[in-house]
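**Q** Pasting work_19.cif here (mmCIF, N, CA and C atoms):
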```cif
data_structure
#
loop_
_atom_site.group_PDB
_atom_site.id
_atom_site.type_symbol
_atom_site.label_atom_id
_atom_site.label_comp_id
_atom_site.auth_asym_id
_atom_site.auth_seq_id
_atom_site.Cartn_x
_atom_site.Cartn_y
_atom_site.Cartn_z
ATOM 1 N N ILE Z 1 17.309 28.992 96.970
ATOM 2 C CA ILE Z 1 17.422 28.480 95.614
ATOM 3 C C ILE Z 1 17.176 26.976 95.659
ATOM 4 N N ALA Z 2 16.303 26.514 94.847
ATOM 5 C CA ALA Z 2 16.019 25.081 94.789
ATOM 6 C C ALA Z 2 17.042 24.394 93.910
ATOM 7 N N GLY Z 3 17.409 23.180 94.306
ATOM 8 C CA GLY Z 3 18.345 22.410 93.505
ATOM 9 C C GLY Z 3 17.665 21.890 92.252
ATOM 10 N N ALA Z 4 18.438 21.704 91.197
ATOM 11 C CA ALA Z 4 17.909 21.143 89.960
ATOM 12 C C ALA Z 4 17.543 19.679 90.187
ATOM 13 N N ALA Z 5 16.785 19.122 89.295
ATOM 14 C CA ALA Z 5 16.361 17.723 89.412
ATOM 15 C C ALA Z 5 17.583 16.829 89.595
ATOM 16 N N GLY Z 6 17.509 15.966 90.588
ATOM 17 C CA GLY Z 6 18.613 15.032 90.832
ATOM 18 C C GLY Z 6 19.763 15.617 91.635
ATOM 19 N N THR Z 7 19.638 16.853 92.083
ATOM 20 C CA THR Z 7 20.702 17.467 92.886
ATOM 21 C C THR Z 7 20.163 17.768 94.274
ATOM 22 N N SER Z 8 21.047 18.083 95.174
ATOM 23 C CA SER Z 8 20.628 18.448 96.525
ATOM 24 C C SER Z 8 21.073 19.870 96.824
ATOM 25 N N LEU Z 9 20.475 20.439 97.829
ATOM 26 C CA LEU Z 9 20.701 21.829 98.188
ATOM 27 C C LEU Z 9 21.577 21.914 99.432
ATOM 28 N N LEU Z 10 22.550 22.807 99.402
ATOM 29 C CA LEU Z 10 23.426 23.050 100.545
ATOM 30 C C LEU Z 10 23.119 24.433 101.108
ATOM 31 N N THR Z 11 22.836 24.490 102.394
ATOM 32 C CA THR Z 11 22.653 25.760 103.098
ATOM 33 C C THR Z 11 23.891 25.979 103.949
ATOM 34 N N VAL Z 12 24.504 27.160 103.822
ATOM 35 C CA VAL Z 12 25.713 27.484 104.584
ATOM 36 C C VAL Z 12 25.365 28.538 105.631
ATOM 37 N N VAL Z 13 25.721 28.243 106.871
ATOM 38 C CA VAL Z 13 25.538 29.177 107.972
ATOM 39 C C VAL Z 13 26.928 29.592 108.430
ATOM 40 N N SER Z 14 27.225 30.881 108.355
ATOM 41 C CA SER Z 14 28.508 31.404 108.810
ATOM 42 C C SER Z 14 28.229 32.361 109.956
ATOM 43 N N ALA Z 15 28.792 32.088 111.112
ATOM 44 C CA ALA Z 15 28.476 32.897 112.291
ATOM 45 C C ALA Z 15 29.740 33.273 113.055
ATOM 46 N N TYR Z 16 29.745 34.489 113.551
ATOM 47 C CA TYR Z 16 30.756 34.913 114.514
ATOM 48 C C TYR Z 16 30.031 35.151 115.830
ATOM 49 N N VAL Z 17 30.483 34.495 116.873
ATOM 50 C CA VAL Z 17 29.914 34.679 118.211
ATOM 51 C C VAL Z 17 31.010 35.290 119.078
ATOM 52 N N HIS Z 18 30.749 36.457 119.631
ATOM 53 C CA HIS Z 18 31.778 37.090 120.462
ATOM 54 C C HIS Z 18 32.103 36.205 121.661
ATOM 55 N N SER Z 19 33.270 36.403 122.224
ATOM 56 C CA SER Z 19 33.715 35.519 123.302
ATOM 57 C C SER Z 19 32.930 35.721 124.581
ATOM 58 N N GLY Z 20 32.333 36.891 124.756
ATOM 59 C CA GLY Z 20 31.611 37.154 126.000
ATOM 60 C C GLY Z 20 32.579 37.327 127.146
ATOM 61 N N GLU Z 21 32.084 37.703 128.255
ATOM 62 C CA GLU Z 21 32.882 37.825 129.466
ATOM 63 C C GLU Z 21 32.069 37.201 130.583
ATOM 64 N N ALA Z 22 32.678 36.309 131.322
ATOM 65 C CA ALA Z 22 31.962 35.566 132.362
ATOM 66 C C ALA Z 22 31.227 36.507 133.309
ATOM 67 N N ASP Z 23 29.990 36.141 133.624
ATOM 68 C CA ASP Z 23 29.155 36.874 134.580
ATOM 69 C C ASP Z 23 28.895 38.323 134.179
ATOM 70 N N THR Z 24 28.700 38.562 132.873
ATOM 71 C CA THR Z 24 28.385 39.903 132.380
ATOM 72 C C THR Z 24 27.207 39.813 131.417
ATOM 73 N N PRO Z 25 26.609 40.963 131.089
ATOM 74 C CA PRO Z 25 25.538 40.956 130.080
ATOM 75 C C PRO Z 25 25.999 40.394 128.732
ATOM 76 N N LYS Z 26 27.280 40.565 128.389
ATOM 77 C CA LYS Z 26 27.780 40.016 127.124
ATOM 78 C C LYS Z 26 27.659 38.497 127.112
ATOM 79 N N GLN Z 27 27.905 37.861 128.241
ATOM 80 C CA GLN Z 27 27.788 36.403 128.321
ATOM 81 C C GLN Z 27 26.323 35.988 128.204
ATOM 82 N N VAL Z 28 25.435 36.768 128.807
ATOM 83 C CA VAL Z 28 24.000 36.499 128.697
ATOM 84 C C VAL Z 28 23.574 36.598 127.231
ATOM 85 N N ASP Z 29 24.050 37.629 126.527
ATOM 86 C CA ASP Z 29 23.742 37.782 125.102
ATOM 87 C C ASP Z 29 24.263 36.600 124.293
ATOM 88 N N LYS Z 30 25.459 36.151 124.630
ATOM 89 C CA LYS Z 30 26.050 35.012 123.913
ATOM 90 C C LYS Z 30 25.196 33.761 124.118
ATOM 91 N N TYR Z 31 24.796 33.494 125.348
ATOM 92 C CA TYR Z 31 23.954 32.324 125.612
ATOM 93 C C TYR Z 31 22.608 32.430 124.899
ATOM 94 N N ARG Z 32 22.051 33.637 124.854
ATOM 95 C CA ARG Z 32 20.776 33.843 124.163
ATOM 96 C C ARG Z 32 20.928 33.510 122.671
ATOM 97 N N PHE Z 33 22.016 33.985 122.067
ATOM 98 C CA PHE Z 33 22.258 33.699 120.648
ATOM 99 C C PHE Z 33 22.457 32.202 120.424
ATOM 100 N N LEU Z 34 23.257 31.558 121.271
ATOM 101 C CA LEU Z 34 23.514 30.122 121.104
ATOM 102 C C LEU Z 34 22.232 29.310 121.295
ATOM 103 N N ASP Z 35 21.361 29.735 122.217
ATOM 104 C CA ASP Z 35 20.069 29.071 122.394
ATOM 105 C C ASP Z 35 19.214 29.207 121.133
ATOM 106 N N ALA Z 36 19.205 30.406 120.543
ATOM 107 C CA ALA Z 36 18.442 30.621 119.307
ATOM 108 C C ALA Z 36 19.012 29.763 118.178
ATOM 109 N N MET Z 37 20.317 29.688 118.118
ATOM 110 C CA MET Z 37 20.977 28.873 117.095
ATOM 111 C C MET Z 37 20.640 27.390 117.292
ATOM 112 N N ALA Z 38 20.629 26.949 118.533
ATOM 113 C CA ALA Z 38 20.291 25.549 118.831
ATOM 114 C C ALA Z 38 18.850 25.243 118.444
ATOM 115 N N GLY Z 39 17.985 26.232 118.499
ATOM 116 C CA GLY Z 39 16.610 26.039 118.068
ATOM 117 C C GLY Z 39 16.461 26.055 116.553
ATOM 118 N N ARG Z 40 17.278 26.846 115.873
ATOM 119 C CA ARG Z 40 17.180 26.994 114.420
ATOM 120 C C ARG Z 40 17.799 25.822 113.662
ATOM 121 N N LEU Z 41 18.881 25.270 114.167
ATOM 122 C CA LEU Z 41 19.565 24.205 113.434
ATOM 123 C C LEU Z 41 18.693 22.973 113.187
ATOM 124 N N PRO Z 42 17.894 22.518 114.146
ATOM 125 C CA PRO Z 42 16.993 21.396 113.840
ATOM 126 C C PRO Z 42 15.972 21.736 112.750
ATOM 127 N N GLU Z 43 15.549 23.002 112.708
ATOM 128 C CA GLU Z 43 14.633 23.424 111.646
ATOM 129 C C GLU Z 43 15.308 23.306 110.284
ATOM 130 N N LEU Z 44 16.559 23.739 110.212
ATOM 131 C CA LEU Z 44 17.303 23.610 108.960
ATOM 132 C C LEU Z 44 17.483 22.148 108.579
ATOM 133 N N LYS Z 45 17.784 21.319 109.552
ATOM 134 C CA LYS Z 45 17.969 19.892 109.283
ATOM 135 C C LYS Z 45 16.701 19.274 108.699
ATOM 136 N N ALA Z 46 15.563 19.709 109.204
ATOM 137 C CA ALA Z 46 14.288 19.143 108.763
ATOM 138 C C ALA Z 46 13.867 19.633 107.383
ATOM 139 N N THR Z 47 14.383 20.779 106.965
ATOM 140 C CA THR Z 47 13.895 21.377 105.717
ATOM 141 C C THR Z 47 14.946 21.514 104.626
ATOM 142 N N ARG Z 48 16.158 21.146 104.893
ATOM 143 C CA ARG Z 48 17.239 21.300 103.909
ATOM 144 C C ARG Z 48 17.879 19.942 103.634
ATOM 145 N N ASP Z 49 18.468 19.827 102.455
ATOM 146 C CA ASP Z 49 19.190 18.599 102.122
ATOM 147 C C ASP Z 49 20.459 18.487 102.964
ATOM 148 N N HIS Z 50 21.221 19.581 103.003
ATOM 149 C CA HIS Z 50 22.490 19.612 103.742
ATOM 150 C C HIS Z 50 22.669 20.999 104.340
ATOM 151 N N THR Z 51 23.229 21.066 105.544
ATOM 152 C CA THR Z 51 23.541 22.338 106.179
ATOM 153 C C THR Z 51 24.959 22.274 106.718
ATOM 154 N N LEU Z 52 25.746 23.290 106.383
ATOM 155 C CA LEU Z 52 27.119 23.399 106.842
ATOM 156 C C LEU Z 52 27.218 24.613 107.753
ATOM 157 N N VAL Z 53 27.656 24.405 108.989
ATOM 158 C CA VAL Z 53 27.807 25.496 109.949
ATOM 159 C C VAL Z 53 29.301 25.753 110.129
ATOM 160 N N VAL Z 54 29.704 26.984 109.854
ATOM 161 C CA VAL Z 54 31.107 27.370 109.971
ATOM 162 C C VAL Z 54 31.183 28.704 110.695
ATOM 163 N N GLY Z 55 32.360 29.052 111.121
ATOM 164 C CA GLY Z 55 32.563 30.365 111.717
ATOM 165 C C GLY Z 55 33.413 30.297 112.962
ATOM 166 N N ASP Z 56 33.407 31.380 113.676
ATOM 167 C CA ASP Z 56 34.140 31.509 114.924
ATOM 168 C C ASP Z 56 33.103 31.574 116.037
ATOM 169 N N LEU Z 57 32.848 30.429 116.642
ATOM 170 C CA LEU Z 57 31.795 30.350 117.654
ATOM 171 C C LEU Z 57 32.304 30.684 119.052
ATOM 172 N N ASN Z 58 33.612 30.747 119.228
ATOM 173 C CA ASN Z 58 34.194 31.067 120.528
ATOM 174 C C ASN Z 58 33.625 30.200 121.640
ATOM 175 N N VAL Z 59 33.561 28.910 121.373
ATOM 176 C CA VAL Z 59 33.141 27.942 122.374
ATOM 177 C C VAL Z 59 34.083 26.746 122.325
ATOM 178 N N GLY Z 60 34.238 26.099 123.444
ATOM 179 C CA GLY Z 60 34.988 24.857 123.515
ATOM 180 C C GLY Z 60 34.078 23.794 124.087
ATOM 181 N N HIS Z 61 33.751 22.814 123.284
ATOM 182 C CA HIS Z 61 32.822 21.773 123.726
ATOM 183 C C HIS Z 61 33.510 20.740 124.620
ATOM 184 N N THR Z 62 34.726 20.382 124.266
ATOM 185 C CA THR Z 62 35.481 19.396 125.051
ATOM 186 C C THR Z 62 36.893 19.909 125.279
ATOM 187 N N THR Z 63 37.641 19.238 126.100
ATOM 188 C CA THR Z 63 39.031 19.632 126.349
ATOM 189 C C THR Z 63 39.892 19.492 125.095
ATOM 190 N N LEU Z 64 39.446 18.749 124.117
ATOM 191 C CA LEU Z 64 40.195 18.619 122.863
ATOM 192 C C LEU Z 64 40.059 19.859 121.980
ATOM 193 N N ASP Z 65 39.109 20.739 122.301
ATOM 194 C CA ASP Z 65 38.839 21.902 121.470
ATOM 195 C C ASP Z 65 39.764 23.090 121.730
ATOM 196 N N ILE Z 66 40.595 23.010 122.748
ATOM 197 C CA ILE Z 66 41.470 24.129 123.085
ATOM 198 C C ILE Z 66 42.778 23.588 123.658
ATOM 199 N N LYS Z 67 43.870 24.186 123.234
ATOM 200 C CA LYS Z 67 45.190 23.698 123.649
ATOM 201 C C LYS Z 67 45.383 23.794 125.162
ATOM 202 N N ASN Z 68 45.153 24.961 125.725
ATOM 203 C CA ASN Z 68 45.376 25.174 127.156
ATOM 204 C C ASN Z 68 44.052 25.129 127.901
ATOM 205 N N TRP Z 69 43.397 23.986 127.906
ATOM 206 C CA TRP Z 69 42.070 23.901 128.505
ATOM 207 C C TRP Z 69 42.089 24.116 130.008
ATOM 208 N N LYS Z 70 43.131 23.650 130.696
ATOM 209 C CA LYS Z 70 43.176 23.826 132.158
ATOM 210 C C LYS Z 70 43.230 25.295 132.545
ATOM 211 N N GLY Z 71 43.961 26.080 131.791
ATOM 212 C CA GLY Z 71 44.071 27.510 132.078
ATOM 213 C C GLY Z 71 42.850 28.305 131.654
ATOM 214 N N ASN Z 72 41.935 27.673 130.938
ATOM 215 C CA ASN Z 72 40.772 28.378 130.412
ATOM 216 C C ASN Z 72 39.438 27.874 130.963
ATOM 217 N N VAL Z 73 39.474 27.008 131.950
ATOM 218 C CA VAL Z 73 38.251 26.383 132.466
ATOM 219 C C VAL Z 73 37.211 27.416 132.885
ATOM 220 N N LYS Z 74 37.601 28.503 133.492
ATOM 221 C CA LYS Z 74 36.641 29.501 133.982
ATOM 222 C C LYS Z 74 36.494 30.690 133.023
ATOM 223 N N ARG Z 75 37.060 30.589 131.834
ATOM 224 C CA ARG Z 75 36.996 31.683 130.871
ATOM 225 C C ARG Z 75 35.730 31.592 130.030
ATOM 226 N N ALA Z 76 35.305 32.725 129.514
ATOM 227 C CA ALA Z 76 34.011 32.827 128.831
ATOM 228 C C ALA Z 76 33.867 31.863 127.663
ATOM 229 N N GLY Z 77 34.887 31.645 126.870
ATOM 230 C CA GLY Z 77 34.772 30.768 125.715
ATOM 231 C C GLY Z 77 34.771 29.287 126.041
ATOM 232 N N PHE Z 78 34.978 28.962 127.305
ATOM 233 C CA PHE Z 78 35.105 27.558 127.684
ATOM 234 C C PHE Z 78 34.226 27.205 128.880
ATOM 235 N N LEU Z 79 33.191 28.013 129.105
ATOM 236 C CA LEU Z 79 32.279 27.719 130.227
ATOM 237 C C LEU Z 79 31.375 26.552 129.886
#
```
Transcribe the structure of this file into structure tokens.
**A**
Amino acid sequence: IAGAAGTSLLTVVSAYVHSGEADTPKQVDKYRFLDAMAGRLPELKATRDHTLVVGDLNVGHTTLDIKNWKGNVKRAGFL
């Protein structure tokens, strides 16, 4: 849907990414999806006014993203 004159367009991406299991095909599938998502987001940025990404990605980017990071270092959601 195009925004009306003088307005901007918001694209919302809502995703659920399963947690995967370390060293399994599920983890390979998760990485494949995240790679595809990493390729798609720049396309959205280039063609949309605003993009909001929300959902349950089951990833921890930094130690601030999870309470018990030390206990989860080798777990699928925190690799």
**Q** Would you kindly identify which residues have an atom no farther than 12 Å from (35.6, 25.1, 116.9), using only C-alpha atoms and the file's own coordinates, and write them out as a list in words?
**A**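 Applying the cut-off with only C-alpha atoms, one gets Ala15, Tyr16, Val17, Val53, Val54, Gly55, Asp56, Leu57, Asn58, Val59, Gly60, His61, Thr62, Thr63, Leu64, Asp65, Ile66, Lys67, Gly77 and Phe78 of chain Z.
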**Q** Out of stretch 6-61 of chain Z, which residues get helix (DSSP H, G or I) from DSSP, as a ChimeraX atom specification?
**A** /Z:25-47
**Q** Enumerate the residues of chain Z with a DSSP assignment of strand (DSSP E or B), computed from the backbone, and present them as a list in words.
**A** Leu10, Thr11, Val12, Val13, Ser14, Ala15, Tyr16, His50, Thr51, Leu52, Val53, Val54, Gly55 and Asp56 of chain Z
**Q** For stretch 30-33 of chain Z, find every residue with an atom within 8 Å (counting only N, CA and C atoms), except residues of its own chain fewer than 2 positions away, and show them as a list of chain:residue names.
**A**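 So, after excluding close chain neighbours, the residues are Z:Val17, Z:His18, Z:Ser19, Z:Gly20, Z:Glu21, Z:Thr24, Z:Pro25, Z:Lys26, Z:Gln27, Z:Val28, Z:Asp35, Z:Ala36, Z:Met37, Z:Ala38, Z:Gly39.
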**Q** What gap, in Å, lies between atom CA of Z:Lys70 and atom CA of Z:Asp29?
**A** 24.9 Å
**Q** Go through Z:Leu34, Z:Val73, Z:Leu44, Z:Leu52 and flag the residue nearest Z:Ser14, using all atoms listed in the file for the distances.
**A** Z:Leu52
**Q** Kindly give the distance, in Å, that separates atom CA of Z:His50 and atom CA of Z:Ser8, rounded to a single decimal.
**A**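 It comes out at 7.5 Å.
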**Q** In Å, rounded to a single decimal, give me how far atom C of Z:Asn68 is from atom CA of Z:Ala22.
**A**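 Those two atoms sit 16.6 Å apart.
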**Q** Box in all listed atoms of stretch 44-63 of chain Z, axis-aligned, with 6 Å more on each side; write out centre and edge lengths in Å to one decimal as JSON.
**A**
```
{"center_x": 26.9, "center_y": 25.0, "center_z": 114.2, "size_x": 38.0, "size_y": 25.1, "size_z": 36.2}
```
**Q** Find the spatial neighbours of Z:Asp49, counting only N, CA and C atoms, within a cut-off of 7 Å - ignore same-chain residues fewer than 2 positions away - and output them as a compact mmCIF listing (two decimals) with N, CA and C atoms, in the coordinates of the input.
**A**
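This went into result01.txt:
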```
# COMPACT_ATOMS: atom_id res chain seq x y z
N SER Z 8 21.05 18.08 95.17
CA SER Z 8 20.63 18.45 96.52
C SER Z 8 21.07 19.87 96.82
N LEU Z 9 20.48 20.44 97.83
CA LEU Z 9 20.70 21.83 98.19
C LEU Z 9 21.58 21.91 99.43
N LEU Z 10 22.55 22.81 99.40
CA LEU Z 10 23.43 23.05 100.54
C LEU Z 10 23.12 24.43 101.11
N THR Z 11 22.84 24.49 102.39
CA THR Z 11 22.65 25.76 103.10
C THR Z 11 23.89 25.98 103.95
N LEU Z 44 16.56 23.74 110.21
CA LEU Z 44 17.30 23.61 108.96
C LEU Z 44 17.48 22.15 108.58
N LYS Z 45 17.78 21.32 109.55
CA LYS Z 45 17.97 19.89 109.28
C LYS Z 45 16.70 19.27 108.70
N ALA Z 46 15.56 19.71 109.20
CA ALA Z 46 14.29 19.14 108.76
C ALA Z 46 13.87 19.63 107.38
N THR Z 47 14.38 20.78 106.96
CA THR Z 47 13.90 21.38 105.72
C THR Z 47 14.95 21.51 104.63
N THR Z 51 23.23 21.07 105.54
CA THR Z 51 23.54 22.34 106.18
C THR Z 51 24.96 22.27 106.72
```
